[in-house]
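Engineer: Right, I'll just put the structure down here and ask away after.
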Amino acid sequence: MSGFGVAVELPAWRGDGRSEMFFPEEAHAAAPADFLQELPSYRSVLRRRAGPGGGHDPQGSLGARAGEARGPQPEGAELAALPPREHALSIAEKRRLRDYQQANIKYLSGWNQWKRTSSKSWRKVLKDIKESLSYLQLWRHDIHSIEGKFGTGIQSYFSFLRFLVLLNFLIFILMFGFVTFPTVISKYGIFNSSFAKISPKNTDSLCTVYTPSGNKGLVYFYTYLKDLLTGTGFLETTSLFYGYYEIDAALLRGVRYNFPLAYLLTTFAYLALSLVWIIKRSVSGFKQSLVHDEDQFQSYCNKVFAGWDFCITDLNAARLKHRSLQYELQTDLEEERIKRKIADRTMKEKLRIYSLRIFLNIIVLAVLLGCFYSIYKATAFSQEKSNNGSNTDFQTNLLVQYLPSMVITLANFVAPQIFSILIRFEDYSPAFEIKLTLLRCVFVRLANIGVLLFSLWSQIHCANDNCKACGYNYELYPCWESAVGQEMYKLLIFDFMIILAVTLFMDFPRMLLVTHCSWKLVQWCGLQEFGISDNVLEIIYGQTICWIGTFFSPLLPAIATIKYFIIFYVKKISLIHTRKPPGRPIRASSSNFFFLVVLLIGLVLAFIPLGISIAHIPSSKACGPFRNFNTSWAVVPHTILEFPTGLQMVLNGIASEAFAVPFFMVVWHFLQLLYLRNHAIYLRLHPAFSSECVLLN
């Protein structure tokens, strides 16, 4: 650092390549501490707090910090009560602090001694339980192996995939436990149970006719295969779809189980579970993202002093990480160059680039409209041909059934390719190019699902004479919820088949060519990179389908769980054998936060079609648990009317605007305070980052 003309205090490095104050054993022990405390800048803050000379007198700084435990300051007392491993100190200082804490125990009162001993024992028990449970974690060894060979960026994708497997499994447990299981045991009289079925009143008899297209008599084998792929035939009458659940109440040992209310509340429960779990996981990513939002000088410091991934054990992965850090520094310099270029633009250049961007965004909008129109027409054509009942051969019928899924998959493949070409001419910074391209890809994938549902609803909720009797097109869709569930089922199955087909018929032959063919063109093409963002968008697309389709197909989460379980091993084999790690991997902290933000966008967008289906479109009168209600939501006020008068007044008050507006204001104020608290943590550490970077500059 002598070239900078200043002296910068750095950790003393040993001959084996490790710092004197960092050991692998201590890395695991320090896991509970905030990761910011591991940065050299935070150590500088603690030394300055200890008083003058704190950076040169470890014993004095230790005494000052340990002495705070006896003073009136609550922060010092809290720090002194923490275990030594949670302090940002060197190994020698931690040992002295431990001895100091043990020596001062005898001066405490009996109550304080018991409280400190109990707290220490409780922390040890919790730590042992946590370590024991970690061995039961799904794919623990596989993910650690991937992390060691390819770094934390790729490991974050597989951890995210594991999270979706567990999330879908819990959703399946909810739907099976509160929806499927009560229906099955009541229909078959298990555990002395029975069921009540009330025929719809004041309803036209035409609306109650529903004859599922089940297979009767002798059928060909390929008919069962078609039913398995499309959800029609024998699958339509099973518990997989909405039409199977026709009971109004289950009587379990004399206890009445309000099934329509349970069905609706379970739907709200799995959506709330997903929302809470995603937000909980994203909190840590948000805290880490605060460090990466600093100015460029601080970014350089973080990359130099805290940029290395100590989880890497593979030599090739270490070289890849070196290239990654080099690429990040080059990108930062390119960002600075582009900022200067933007600042030096003349009015004529600004007019030219803004006009070009407007023109290119018009092309992007035209591509999106073309995709949406194609999906709308393909869905209308598929539904028309499927409902005609014409006798066509197996291949044609299957092609017609899967036409919307194929058009959506084609749009998901073609549109991002066009976006990646157009973004090069818009003259954005590299970081903004990536964000804008990903945003467009997320929008086209999730909006395609919305267009498919809109095209279905336009045929279900029509305005002609066919819809007057029942409120929906009962001739084409006597049980429209099952029809929507079949479309979601086909989307999920087709998406899974595409992932397998790409690995088997594209990646594997390409790997064989690169391995066994010495042609320059083949070697120049090389192996396909393992694109983290593309793979994440792929599984988020499938998860959004699962969230929407679970209301119409209660066992769809079980299929999604099996699907993601298989995809984990498919992607692992693809990463190790048929693809190469990305040359420009993204940081694990930013990638985890990005994955969860995009997943949260998918969940929020899933609320829209579900809300319309539950509260706006009339429920089918020929199938399902809501046959006796105008909409699915109508079961809630109907149930409230059965409550005592006092409870009804309380619930009506909660649902009124007089309660809702102050409630949302309080929630909004709480979220603001939470944001300010997290931002204050960053501001408290911000001067330390700035001071070091000023020295380096």
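Following the order of the structure tokens, chains are lettered A, B, ..., residues in each are numbered from 1, and ligands are numbered from 1.
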Can you list, as a VMD selection string, every protein, DNA or RNA residue that comes within 7 Å of stretch 492-501 of chain A when you count only C-alpha atoms, leaving out same-chain residues fewer than 6 positions away?
Structural biologist: chain A and resid 405 542 545 563
Engineer: Show me, as number ranges by chain, the residues that have an atom within 7 Å of stretch 454-457 of chain A when counting only C-alpha atoms, minus same-chain residues fewer than 2 positions from it.
Structural biologist: A: 376, 379-380, 450-452, 459-461
Engineer: I need the residues from that last selection saved to file as an mmCIF file, in the first residue's frame (with N, CA, C and O atoms), if you can.
Structural biologist:
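See result_20.cif below for the written result:
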data_model
loop_
_atom_site.group_PDB
_atom_site.id
_atom_site.type_symbol
_atom_site.label_atom_id
_atom_site.label_comp_id
_atom_site.auth_asym_id
_atom_site.auth_seq_id
_atom_site.Cartn_x
_atom_site.Cartn_y
_atom_site.Cartn_z
ATOM 1 N N TYR A 376 -53.367 -15.492 -26.456
ATOM 2 C CA TYR A 376 -54.833 -15.357 -26.416
ATOM 3 C C TYR A 376 -55.495 -16.167 -27.522
ATOM 4 O O TYR A 376 -56.460 -16.912 -27.276
ATOM 5 N N THR A 379 -55.050 -19.988 -26.946
ATOM 6 C CA THR A 379 -55.943 -20.501 -25.898
ATOM 7 C C THR A 379 -57.372 -20.619 -26.404
ATOM 8 O O THR A 379 -58.063 -21.620 -26.148
ATOM 9 N N ALA A 380 -57.833 -19.586 -27.147
ATOM 10 C CA ALA A 380 -59.194 -19.634 -27.691
ATOM 11 C C ALA A 380 -59.349 -20.796 -28.670
ATOM 12 O O ALA A 380 -60.360 -21.518 -28.645
ATOM 13 N N GLY A 450 -50.881 -14.539 -16.889
ATOM 14 C CA GLY A 450 -52.062 -13.692 -16.748
ATOM 15 C C GLY A 450 -52.882 -13.622 -18.020
ATOM 16 O O GLY A 450 -54.121 -13.622 -17.975
ATOM 17 N N VAL A 451 -52.222 -13.556 -19.174
ATOM 18 C CA VAL A 451 -52.944 -13.516 -20.450
ATOM 19 C C VAL A 451 -53.692 -14.826 -20.676
ATOM 20 O O VAL A 451 -54.834 -14.838 -21.168
ATOM 21 N N LEU A 452 -53.064 -15.946 -20.329
ATOM 22 C CA LEU A 452 -53.742 -17.236 -20.459
ATOM 23 C C LEU A 452 -55.014 -17.272 -19.606
ATOM 24 O O LEU A 452 -56.088 -17.695 -20.084
ATOM 25 N N GLN A 459 -63.906 -16.395 -21.923
ATOM 26 C CA GLN A 459 -64.826 -17.406 -22.426
ATOM 27 C C GLN A 459 -65.739 -17.942 -21.324
ATOM 28 O O GLN A 459 -66.866 -18.353 -21.593
ATOM 29 N N ILE A 460 -65.239 -17.947 -20.079
ATOM 30 C CA ILE A 460 -66.057 -18.448 -18.966
ATOM 31 C C ILE A 460 -67.102 -17.416 -18.557
ATOM 32 O O ILE A 460 -68.294 -17.728 -18.438
ATOM 33 N N HIS A 461 -66.669 -16.182 -18.372
ATOM 34 C CA HIS A 461 -67.549 -15.111 -17.883
ATOM 35 C C HIS A 461 -67.979 -14.254 -19.068
ATOM 36 O O HIS A 461 -67.571 -13.106 -19.222
#
Engineer: Which one is closest to A:Tyr541: A:Thr409, A:Ser145, A:Thr645, A:Thr631? Count only C-alpha atoms.
Structural biologist: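 Looking at the shortest contact to A:Tyr541, the residue is A:Thr409.
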Engineer: If you count only C-alpha atoms, which residues fall within 12 Å of stretch 127-141 of chain A, apart from same-chain ones fewer than 4 positions away, as a PyMOL selection string?
Structural biologist: chain A and resi 28-29+31-32+120-123+145-148+155+158-166+565+568-569+572
Engineer: Write down as JSON, numbers by chain the residues of stretch 155-276 of chain A whose backbone DSSP state falls under alpha helix (DSSP H).
Structural biologist: {"A": [155, 156, 157, 158, 159, 160, 161, 162, 163, 164, 165, 166, 167, 168, 169, 170, 171, 172, 173, 174, 175, 181, 182, 183, 184, 185, 186, 187, 221, 222, 223, 224, 225, 226, 227, 228, 229, 230, 259, 260, 261, 262, 263, 264, 265, 266, 267, 268, 269, 270, 271, 272, 273, 274, 275, 276]}
Engineer: Please measure the separation of atom CA of A:Gly471 and atom CA of A:Ile449, giving the value in Å to one decimal.
Structural biologist: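 Between atom CA of A:Gly471 and atom CA of A:Ile449 the gap is 24.0 Å.
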